[in-house]
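Structure file run.csv with CSV, C-alpha atoms:
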chain,number,residue,atom,x,y,z
A,1,MET,CA,0.0,0.0,0.0
A,2,ILE,CA,1.0,3.6,-0.6
A,3,ASP,CA,1.8,5.2,2.8
A,4,LEU,CA,1.8,8.8,3.9
A,5,ASP,CA,5.6,9.1,3.7
A,6,PHE,CA,5.5,8.2,0.0
A,7,THR,CA,2.9,10.9,-0.7
A,8,GLU,CA,4.7,13.5,1.3
A,9,SER,CA,8.1,13.0,-0.3
A,10,LEU,CA,6.6,12.9,-3.7
A,11,LEU,CA,4.7,16.2,-3.1
A,12,LYS,CA,7.9,17.7,-1.8
A,13,HIS,CA,9.8,16.6,-4.8
A,14,PHE,CA,7.2,17.9,-7.2
A,15,THR,CA,6.0,21.3,-5.9
A,16,HIS,CA,3.4,21.7,-8.7
A,17,VAL,CA,1.7,18.4,-8.0
A,18,THR,CA,-1.2,18.5,-5.6
A,19,LYS,CA,-3.4,15.9,-3.9
A,20,ARG,CA,-6.9,15.6,-5.2
A,21,HIS,CA,-10.0,14.3,-3.5
A,22,HIS,CA,-10.3,10.6,-4.0
A,23,ASP,CA,-12.4,7.7,-2.7
A,24,ASP,CA,-10.2,4.8,-3.8
A,25,CYS,CA,-6.6,5.1,-4.9
A,26,LEU,CA,-4.3,8.1,-4.4
A,27,THR,CA,-5.1,10.8,-7.0
A,28,LEU,CA,-2.8,13.6,-7.9
A,29,ASP,CA,-3.3,16.7,-9.9
A,30,CYS,CA,-0.4,17.5,-12.2
A,31,GLY,CA,-0.1,20.2,-14.8
A,32,GLU,CA,0.6,19.2,-18.4
A,33,SER,CA,4.1,20.7,-18.3
A,34,GLU,CA,5.2,18.5,-15.4
A,35,VAL,CA,3.6,15.2,-16.5
A,36,ASN,CA,6.6,13.7,-18.4
A,37,LYS,CA,8.9,14.4,-15.5
A,38,LEU,CA,6.4,13.0,-13.0
A,39,PHE,CA,5.8,9.8,-15.0
A,40,LEU,CA,9.5,9.2,-15.5
A,41,HIS,CA,10.2,9.7,-11.8
A,42,LEU,CA,7.3,7.3,-10.8
A,43,ARG,CA,8.5,4.7,-13.2
A,44,ASP,CA,12.2,4.7,-12.5
A,45,GLU,CA,12.3,5.8,-8.8
A,46,GLU,CA,9.0,4.7,-7.3
A,47,THR,CA,8.4,1.4,-9.1
A,48,PHE,CA,5.1,2.5,-10.7
A,49,ASP,CA,6.1,0.8,-13.9
A,50,LEU,CA,2.8,-0.4,-15.3
A,51,LEU,CA,0.4,2.0,-17.1
A,52,VAL,CA,-3.0,0.5,-16.6
A,53,ASP,CA,-5.1,3.1,-18.4
A,54,LEU,CA,-5.0,6.5,-20.0
A,55,THR,CA,-8.1,8.2,-21.0
A,56,ALA,CA,-9.7,11.6,-21.0
A,57,ILE,CA,-12.8,13.4,-19.5
A,58,ASP,CA,-15.0,16.0,-21.1
A,59,HIS,CA,-16.3,18.2,-18.2
A,60,GLY,CA,-18.8,19.9,-20.5
A,61,GLU,CA,-18.8,23.0,-22.6
A,62,THR,CA,-19.4,25.4,-19.7
A,63,ALA,CA,-16.6,24.1,-17.5
A,64,GLU,CA,-13.6,26.4,-16.9
A,65,PHE,CA,-11.3,23.7,-18.1
A,66,ARG,CA,-13.2,21.4,-20.4
A,67,PHE,CA,-10.8,18.5,-20.9
A,68,SER,CA,-8.6,16.5,-18.6
A,69,VAL,CA,-6.4,13.4,-19.1
A,70,VAL,CA,-6.5,10.7,-16.5
A,71,SER,CA,-3.9,7.9,-16.2
A,72,HIS,CA,-3.7,5.0,-13.8
A,73,LEU,CA,-0.4,3.5,-12.8
A,74,TYR,CA,0.2,0.4,-10.8
A,75,SER,CA,3.2,-0.6,-8.7
A,76,ARG,CA,3.9,-4.3,-8.1
A,77,ILE,CA,6.1,-3.3,-5.2
A,78,HIS,CA,3.5,-1.1,-3.5
A,79,ARG,CA,0.8,-3.3,-4.8
A,80,ASP,CA,-1.4,-0.2,-5.3
A,81,TYR,CA,-2.8,2.1,-7.9
A,82,LEU,CA,-2.0,5.7,-8.5
A,83,ARG,CA,-4.2,8.1,-10.5
A,84,ILE,CA,-2.8,11.1,-12.2
A,85,HIS,CA,-5.3,13.8,-13.3
A,86,SER,CA,-4.2,16.5,-15.6
A,87,ILE,CA,-6.1,19.5,-16.9
A,88,CYS,CA,-5.8,20.5,-20.5
A,89,GLU,CA,-5.4,24.3,-20.5
A,90,ASP,CA,-6.7,24.9,-24.0
A,91,ASN,CA,-10.5,24.3,-24.3
A,92,GLU,CA,-10.7,24.9,-28.1
A,93,SER,CA,-7.9,22.6,-29.3
A,94,PRO,CA,-6.8,20.6,-26.3
A,95,LYS,CA,-3.1,19.6,-26.2
A,96,PHE,CA,-1.3,17.2,-24.0
A,97,PRO,CA,2.3,15.9,-23.9
A,98,SER,CA,2.5,12.3,-25.0
A,99,VAL,CA,3.8,9.8,-22.5
A,100,SER,CA,4.2,7.0,-25.0
A,101,SER,CA,8.0,7.5,-24.9
A,102,ILE,CA,7.9,6.5,-21.2
A,103,PHE,CA,5.1,3.9,-21.3
A,104,PRO,CA,4.8,2.4,-24.8
A,105,ALA,CA,1.3,1.1,-23.7
A,106,ALA,CA,0.2,4.8,-23.9
A,107,ASN,CA,0.5,4.7,-27.7
A,108,TRP,CA,-2.9,3.3,-28.4
A,109,HIS,CA,-4.6,4.8,-25.4
A,110,GLU,CA,-3.6,8.2,-26.6
A,111,ARG,CA,-4.8,7.5,-30.0
A,112,GLU,CA,-8.2,6.5,-28.6
A,113,ALA,CA,-8.3,9.7,-26.5
A,114,PHE,CA,-7.5,11.6,-29.6
A,115,ASP,CA,-10.1,9.8,-31.6
A,116,MET,CA,-12.9,10.2,-29.1
A,117,PHE,CA,-12.1,13.6,-27.5
A,118,GLY,CA,-9.8,15.3,-30.0
A,119,ILE,CA,-7.0,15.8,-27.6
A,120,HIS,CA,-3.7,16.3,-29.5
A,121,PHE,CA,-0.8,14.5,-27.9
A,122,SER,CA,2.3,16.3,-28.9
A,123,ASP,CA,5.4,14.1,-29.8
A,124,HIS,CA,3.2,11.1,-30.3
A,125,PRO,CA,4.8,8.7,-32.9
A,126,ASN,CA,1.6,7.9,-34.8
A,127,LEU,CA,-1.3,10.1,-33.8
A,128,LYS,CA,-4.2,9.1,-35.9
A,129,ARG,CA,-7.7,7.8,-35.3
A,130,ILE,CA,-7.9,4.3,-33.9
A,131,LEU,CA,-11.6,3.4,-33.8
A,132,MET,CA,-13.3,5.8,-36.3
A,133,TRP,CA,-12.1,6.1,-39.8
A,134,ASP,CA,-9.4,8.7,-40.6
A,135,GLU,CA,-11.7,11.2,-42.3
A,136,TYR,CA,-14.3,11.3,-39.6
A,137,PRO,CA,-14.9,14.9,-38.7
A,138,TYR,CA,-16.2,14.7,-35.2
A,139,TYR,CA,-15.1,13.5,-31.7
A,140,PRO,CA,-17.8,11.2,-30.5
A,141,LEU,CA,-17.3,11.2,-26.8
A,142,ARG,CA,-17.4,14.9,-26.4
A,143,LYS,CA,-20.4,16.1,-24.4
A,144,ASP,CA,-21.9,18.1,-27.4
A,145,PHE,CA,-21.9,15.1,-29.7
A,146,PRO,CA,-25.3,13.3,-29.9
A,147,LEU,CA,-25.2,9.5,-29.2
A,148,ALA,CA,-27.2,8.9,-32.4
A,149,GLY,CA,-24.4,10.5,-34.5
A,150,ILE,CA,-24.3,13.3,-37.1
A,151,GLU,CA,-24.9,12.7,-40.9
A,152,THR,CA,-21.5,12.3,-42.6
A,153,PRO,CA,-20.5,10.7,-45.9
A,154,LEU,CA,-19.5,7.0,-45.9
A,155,PRO,CA,-15.7,6.5,-45.5
A,156,ALA,CA,-15.4,5.0,-49.1
A,157,ALA,CA,-16.7,7.3,-51.7
A,158,ASP,CA,-17.1,4.6,-54.4
A,159,VAL,CA,-19.2,2.4,-52.1
A,160,ALA,CA,-21.3,5.5,-51.2
A,161,GLU,CA,-21.8,6.2,-54.9
A,162,VAL,CA,-23.0,2.6,-55.7
A,163,THR,CA,-25.2,2.2,-52.6
A,164,ASN,CA,-26.4,5.8,-52.1
A,165,ALA,CA,-25.7,5.2,-48.4
A,166,SER,CA,-24.3,7.7,-45.9
A,167,VAL,CA,-23.6,7.7,-42.2
A,168,ASP,CA,-27.0,8.7,-40.7
A,169,PRO,CA,-28.0,9.4,-37.2
A,170,ALA,CA,-29.3,6.2,-35.6
A,171,PRO,CA,-33.0,6.2,-34.7
A,172,MET,CA,-33.0,6.5,-30.9
A,173,MET,CA,-36.7,5.7,-30.3
A,174,GLY,CA,-36.6,7.0,-26.8
A,175,GLY,CA,-33.2,5.5,-26.1
A,176,PRO,CA,-30.4,5.1,-25.0
A,177,PHE,CA,-31.3,1.5,-24.2
A,178,VAL,CA,-30.4,0.5,-20.7
A,179,ALA,CA,-30.8,-2.6,-18.6
A,180,SER,CA,-32.0,-2.2,-15.0
A,181,SER,CA,-30.1,-4.3,-12.5
A,182,ASP,CA,-33.2,-5.4,-10.5
A,183,GLY,CA,-36.3,-7.3,-11.2
A,184,THR,CA,-36.8,-10.6,-13.1
A,185,MET,CA,-34.7,-11.3,-16.2
A,186,SER,CA,-37.6,-10.4,-18.5
A,187,GLU,CA,-38.1,-7.1,-16.8
A,188,SER,CA,-34.4,-6.1,-16.7
A,189,GLU,CA,-34.0,-6.6,-20.4
A,190,PRO,CA,-32.5,-3.5,-22.1
A,191,ARG,CA,-35.2,-1.0,-23.0
A,192,ALA,CA,-35.5,2.6,-24.0
A,193,LYS,CA,-34.9,5.0,-21.1
A,194,ASP,CA,-37.7,7.3,-22.1
A,195,GLU,CA,-40.5,5.5,-23.8
A,196,SER,CA,-42.7,8.6,-24.1
A,197,TRP,CA,-41.3,9.6,-27.5
A,198,THR,CA,-40.0,8.1,-30.7
A,199,GLU,CA,-38.7,9.5,-34.0
A,200,GLU,CA,-42.3,9.4,-35.2
A,201,SER,CA,-44.1,11.0,-32.2
A,202,GLU,CA,-42.5,13.9,-30.5
A,203,LYS,CA,-41.7,14.0,-26.8
A,204,PRO,CA,-44.7,15.5,-24.9
A,205,SER,CA,-43.5,18.8,-23.4
B,1,MET,CA,-42.0,-52.8,-64.2
B,2,THR,CA,-41.8,-54.2,-60.7
B,3,ALA,CA,-43.9,-52.6,-58.1
B,4,ASN,CA,-41.0,-51.7,-55.8
B,5,GLU,CA,-39.4,-49.5,-58.3
B,6,VAL,CA,-39.8,-45.9,-57.2
B,7,ALA,CA,-37.0,-44.1,-58.9
B,8,TYR,CA,-36.6,-42.9,-62.5
B,9,ASN,CA,-36.8,-45.8,-64.9
B,10,GLY,CA,-34.7,-45.3,-68.1
B,11,LYS,CA,-36.3,-48.2,-69.9
B,12,VAL,CA,-39.7,-46.8,-69.7
B,13,GLU,CA,-38.8,-43.1,-70.3
B,14,GLY,CA,-36.3,-43.8,-73.1
B,15,ASP,CA,-33.3,-42.3,-71.3
B,16,VAL,CA,-34.8,-38.8,-71.6
B,17,ILE,CA,-35.9,-36.5,-68.8
B,18,VAL,CA,-38.2,-33.6,-69.6
B,19,THR,CA,-38.0,-30.6,-67.3
B,20,LYS,CA,-37.5,-26.9,-67.2
B,21,ALA,CA,-34.0,-25.4,-67.2
B,22,ASP,CA,-34.8,-23.2,-64.2
B,23,ALA,CA,-35.9,-26.3,-62.2
B,24,VAL,CA,-32.6,-28.1,-62.8
B,25,ILE,CA,-30.3,-25.2,-62.4
B,26,ASN,CA,-32.0,-24.0,-59.2
B,27,TRP,CA,-32.1,-27.5,-57.9
B,28,ILE,CA,-28.3,-27.7,-58.3
B,29,ARG,CA,-27.7,-24.3,-56.9
B,30,LYS,CA,-29.8,-24.6,-53.8
B,31,HIS,CA,-28.2,-27.9,-52.8
B,32,SER,CA,-24.6,-26.5,-53.1
B,33,VAL,CA,-24.7,-23.1,-51.5
B,34,TRP,CA,-21.1,-22.0,-50.7
B,35,PRO,CA,-21.3,-19.6,-47.8
B,36,MET,CA,-18.9,-16.7,-47.2
B,37,PRO,CA,-18.7,-16.4,-43.4
B,38,MET,CA,-18.7,-12.6,-42.8
B,39,GLY,CA,-18.2,-13.0,-39.1
B,40,LEU,CA,-18.2,-9.6,-37.4
B,41,ALA,CA,-19.3,-10.3,-33.9
B,42,CYS,CA,-20.8,-12.9,-31.5
B,43,CYS,CA,-23.2,-14.2,-34.2
B,44,ALA,CA,-20.1,-15.7,-35.8
B,45,ILE,CA,-19.7,-18.1,-32.9
B,46,GLU,CA,-23.2,-19.4,-33.5
B,47,LEU,CA,-22.4,-19.6,-37.2
B,48,MET,CA,-19.4,-21.8,-36.3
B,49,ALA,CA,-21.7,-23.9,-34.1
B,50,SER,CA,-24.0,-24.5,-37.0
B,51,ALA,CA,-21.1,-25.7,-39.1
B,52,ALA,CA,-19.9,-28.0,-36.4
B,53,SER,CA,-21.0,-31.6,-35.9
B,54,ARG,CA,-24.0,-31.1,-33.6
B,55,TYR,CA,-26.0,-28.8,-35.8
B,56,ASP,CA,-24.2,-29.8,-39.0
B,57,ILE,CA,-25.0,-27.4,-41.8
B,58,SER,CA,-23.5,-30.0,-44.2
B,59,ARG,CA,-26.8,-31.8,-44.0
B,60,PHE,CA,-28.1,-29.1,-46.4
B,61,GLY,CA,-25.1,-29.1,-48.6
B,62,MET,CA,-23.6,-25.8,-47.5
B,63,GLU,CA,-20.7,-26.8,-45.3
B,64,VAL,CA,-18.1,-25.5,-47.7
B,65,MET,CA,-17.4,-22.2,-46.0
B,66,ARG,CA,-14.9,-20.3,-48.1
B,67,PHE,CA,-13.0,-17.3,-46.8
B,68,SER,CA,-12.5,-16.1,-50.3
B,69,PRO,CA,-15.4,-14.2,-51.9
B,70,ARG,CA,-14.4,-15.5,-55.3
B,71,GLN,CA,-15.3,-19.0,-54.2
B,72,SER,CA,-18.6,-18.3,-52.4
B,73,ASP,CA,-22.1,-17.4,-53.5
B,74,CYS,CA,-23.9,-16.7,-50.2
B,75,MET,CA,-22.6,-14.1,-47.8
B,76,ILE,CA,-23.7,-14.7,-44.2
B,77,VAL,CA,-23.3,-11.4,-42.4
B,78,ALA,CA,-23.0,-12.5,-38.9
B,79,GLY,CA,-22.6,-9.6,-36.5
B,80,THR,CA,-22.5,-5.8,-36.1
B,81,VAL,CA,-21.7,-3.9,-39.2
B,82,THR,CA,-19.9,-0.7,-38.2
B,83,TYR,CA,-19.7,2.2,-40.7
B,84,LYS,CA,-15.9,1.6,-40.9
B,85,MET,CA,-16.5,-2.1,-41.8
B,86,ALA,CA,-19.4,-1.4,-44.2
B,87,GLU,CA,-16.9,-0.6,-47.0
B,88,VAL,CA,-15.2,-4.0,-46.5
B,89,VAL,CA,-18.6,-5.8,-46.5
B,90,ARG,CA,-19.6,-4.1,-49.7
B,91,ARG,CA,-16.3,-4.8,-51.4
B,92,ILE,CA,-16.4,-8.5,-50.5
B,93,TYR,CA,-19.9,-8.6,-51.8
B,94,ASP,CA,-18.8,-7.1,-55.0
B,95,GLN,CA,-16.0,-9.6,-55.4
B,96,MET,CA,-18.4,-12.6,-55.2
B,97,GLY,CA,-19.4,-14.0,-58.5
B,98,ASP,CA,-23.1,-14.0,-59.7
B,99,PRO,CA,-25.5,-15.4,-58.7
B,100,LYS,CA,-25.1,-14.5,-55.1
B,101,TRP,CA,-27.2,-14.2,-52.0
B,102,VAL,CA,-27.0,-12.4,-48.6
B,103,VAL,CA,-28.2,-13.6,-45.3
B,104,ALA,CA,-28.4,-11.0,-42.5
B,105,MET,CA,-27.8,-13.1,-39.4
B,106,GLY,CA,-29.0,-11.6,-36.1
B,107,ALA,CA,-30.4,-8.3,-34.9
B,108,CYS,CA,-27.3,-6.2,-35.6
B,109,ALA,CA,-26.9,-7.2,-39.2
B,110,SER,CA,-30.6,-6.9,-39.8
B,111,THR,CA,-31.3,-3.5,-38.1
B,112,GLY,CA,-28.3,-2.4,-36.1
B,113,GLY,CA,-29.8,-4.2,-33.2
B,114,MET,CA,-29.1,-2.7,-29.8
B,115,TYR,CA,-26.3,-0.5,-31.2
B,116,ARG,CA,-28.2,2.7,-31.9
B,117,SER,CA,-25.1,4.7,-32.1
B,118,TYR,CA,-23.0,6.9,-34.3
B,119,ALA,CA,-20.7,4.0,-35.2
B,120,VAL,CA,-23.0,1.3,-36.3
B,121,MET,CA,-24.8,0.9,-39.6
B,122,GLN,CA,-28.5,0.4,-39.0
B,123,GLY,CA,-28.9,-2.8,-41.0
B,124,VAL,CA,-26.6,-4.2,-43.6
B,125,ASP,CA,-29.4,-3.9,-46.2
B,126,THR,CA,-28.3,-0.2,-46.5
B,127,ILE,CA,-25.4,-1.4,-48.6
B,128,VAL,CA,-26.1,-4.9,-49.9
B,129,PRO,CA,-29.4,-6.6,-51.0
B,130,VAL,CA,-30.4,-9.0,-48.2
B,131,ASP,CA,-32.3,-12.1,-49.1
B,132,VAL,CA,-33.1,-13.6,-45.7
B,133,TYR,CA,-33.1,-11.9,-42.3
B,134,VAL,CA,-32.7,-13.9,-39.1
B,135,SER,CA,-34.0,-12.6,-35.8
B,136,GLY,CA,-32.2,-13.2,-32.5
B,137,CYS,CA,-29.3,-11.8,-30.5
B,138,PRO,CA,-27.6,-14.0,-31.4
B,139,PRO,CA,-29.8,-16.5,-33.3
B,140,ARG,CA,-29.5,-20.1,-32.3
B,141,PRO,CA,-27.9,-22.4,-34.9
B,142,GLU,CA,-31.4,-23.8,-35.6
B,143,ALA,CA,-32.6,-20.3,-36.6
B,144,LEU,CA,-29.7,-20.0,-39.0
B,145,LEU,CA,-30.4,-23.4,-40.5
B,146,ASP,CA,-34.1,-22.4,-40.9
B,147,ALA,CA,-33.0,-19.2,-42.7
B,148,MET,CA,-30.7,-21.2,-44.9
B,149,MET,CA,-33.6,-23.6,-45.8
B,150,LYS,CA,-35.7,-20.5,-46.5
B,151,LEU,CA,-32.9,-19.3,-48.8
B,152,GLN,CA,-33.0,-22.7,-50.5
B,153,ASP,CA,-36.7,-22.3,-51.1
B,154,LYS,CA,-36.1,-18.8,-52.5
B,155,ILE,CA,-33.4,-20.0,-54.8
B,156,GLY,CA,-35.8,-22.7,-56.0
B,157,ARG,CA,-38.3,-20.0,-56.9
B,158,GLU,CA,-36.0,-17.7,-58.7
B,159,SER,CA,-35.5,-17.3,-62.4
B,160,SER,CA,-32.1,-18.8,-62.9
B,161,VAL,CA,-30.9,-16.2,-65.4
B,162,LYS,CA,-32.5,-13.1,-63.8
B,163,ASN,CA,-31.0,-13.3,-60.3
B,164,LEU,CA,-27.8,-11.4,-61.2
B,165,SER,CA,-26.7,-8.7,-58.8
B,166,GLY,CA,-27.5,-5.8,-61.2
B,167,VAL,CA,-31.2,-6.8,-61.2
B,168,LYS,CA,-31.3,-7.1,-57.4
B,169,GLU,CA,-29.5,-3.8,-57.0
B,170,ALA,CA,-32.3,-2.0,-58.8
B,171,ALA,CA,-34.7,-3.5,-56.2
B,172,VAL,CA,-32.6,-2.1,-53.3
B,173,ALA,CA,-32.5,1.4,-54.8
B,174,SER,CA,-36.2,1.6,-55.4

Conversion result in structure tokens:
Amino acid sequence: MIDLDFTESLLKHFTHVTKRHHDDCLTLDCGESEVNKLFLHLRDEETFDLLVDLTAIDHGETAEFRFSVVSHLYSRIHRDYLRIHSICEDNESPKFPSVSSIFPAANWHEREAFDMFGIHFSDHPNLKRILMWDEYPYYPLRKDFPLAGIETPLPAADVAEVTNASVDPAPMMGGPFVASSDGTMSESEPRAKDESWTEESEKPS
Amino acid sequence: MTANEVAYNGKVEGDVIVTKADAVINWIRKHSVWPMPMGLACCAIELMASAASRYDISRFGMEVMRFSPRQSDCMIVAGTVTYKMAEVVRRIYDQMGDPKWVVAMGACASTGGMYRSYAVMQGVDTIVPVDVYVSGCPPRPEALLDAMMKLQDKIGRESSVKNLSGVKEAAVAS
């Protein structure tokens, strides 16, 4: 387990790093300029040598800092997790230093965060979309992107020409579809969250 | 002629069979469907089960699953078709020789299923002409076998020279 001594010495070493409220594992706030130094230190000096996850959060359009990048590290010596939370200072075109030179595992995680949130990881060896196709114009996990999607041309122009198909918003029909965790199996089947409206009949106001 | 003779008797008929070309050609086609397993998600596991010994799709003469579109005439779309994959599905369909058929196996391939999202095509019939839809998530192997038998019936009813993809395409567009 991580003890208080570890936390205190780390905070003394990195004066810009602060503790953040957490319910489970130790969570630290770290500015984007210090991230590479902190990661290198944690990997080489503090045995946090396993990058478990790296993802991003969209706090909404009205938030002061809209995007932040969250990474989870694990130490096999401490047998504990450590969470690093970093704010992206630019809300319009968020940037973040890539940690893929320190943890190669970050490569694909950063590509996913770029694909879904549009965060540009500087010095990334191969920053391109990983899930959506390269020409896709939107970032689907941003808060202002509708789950159903936005009309876009199909990735392959020749297929679109033959089939007359395009990427269309999915019919939500009162969705998203969620399963409740209680009740009998037939009652907890996934169903539309709000069954009062469909694409054909408007939601009663 | 002995009473226990039930098959065709060449001596009586004079070694000649009179029938329609469609009947013979379709009869041959429907008993040697060569599926192209377009396995995209969990439906593919059920597809594999239908090909294995317990459900045994070879009872219907369609066990020759070929992973090359050039060697198949029935694409079984088994799974979720994402917009990114749609291009590939269409290209593979285009590479199959005529006549060819498409089975949309399961909810996702038929309608997008539970994936009402920005990434998933809402039914593979947007890009290829589907002959048989199979319900289920995933459908049991029996359901797929039933669909394949329905496809056999359909092949049997077709005009053997008019079931080329160009003709079907017109039906999709309208």

Could you name the residues that touch Tyr118 (chain B) at 7 Å or less, counting all atoms listed in the file, but leaving out those on the same chain fewer than 6 positions away, as a list of chain:residue names?
->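 The contact residues come out as A:Leu147, A:Ala148, A:Gly149, A:Pro169, A:Ala170.
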
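For chain B, the residues within 7 Å of chain A are B:Tyr83, B:Lys84, B:Glu87, B:Arg90, B:Arg116, B:Ser117, B:Tyr118, B:Gln122, B:Thr126, B:Ile127, with all atoms listed in the file used to measure distance.
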
List the neighbours of Asp123 (chain A) out to 12 Å using all atoms listed in the file; skip same-chain residues closer than 4 positions along the sequence, and give me the result as a list in words.
-> Asn36, Lys95, Phe96, Pro97, Ser98, Val99, Ser100, Ser101, Ile102, Asn107, Glu110 and Leu127 of chain A

Within 12 Å of (-29.9, -12.4, -35.3), in the coordinates the file gives, what residues turn up when you count only C-alpha atoms, written out as a VMD selection string?
-> chain B and resid 41 to 47 76 to 80 103 to 114 123 132 to 144 147

Would you mind telling me which residue in B:Ile57, B:Val18, B:Ile92, B:Val81 lies nearest to Asp146 (chain B) when using all atoms listed in the file?
->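 For Asp146 (chain B), the nearest of the given residues is B:Ile57.
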
Near-Asp90 (chain A) list (12 Å; all atoms listed in the file; drop same-chain fewer than 5 positions) as a ChimeraX atom specification | /A:32,63-68,95-96,118-120

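Here CA of Leu82 (chain A) is placed at a distance of 6.2 Å from CA of Thr27 (chain A).
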
Residues within 12 Å of Leu26 (chain A), only C-alpha atoms, excluding chain neighbours under 2 positions, as a list in words =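 The residues that qualify are Met1, Ile2, Asp3, Leu4, Phe6, Thr7, Glu8, Leu10, Thr18, Lys19, Arg20, His21, His22, Asp23, Asp24, Leu28, Asp29, Ser71, His72, Leu73, Tyr74, Asp80, Tyr81, Leu82, Arg83, Ile84 and His85 of chain A.
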
Compare B:Ala21, B:Met148, B:Ser68, B:Phe60 by their minimum atom-to-atom distance to Val102 (chain B), counting all atoms listed in the file, and give me the closest one.
->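 Ranking B:Ala21, B:Met148, B:Ser68, B:Phe60 by distance to Val102 (chain B), first place goes to B:Met148.
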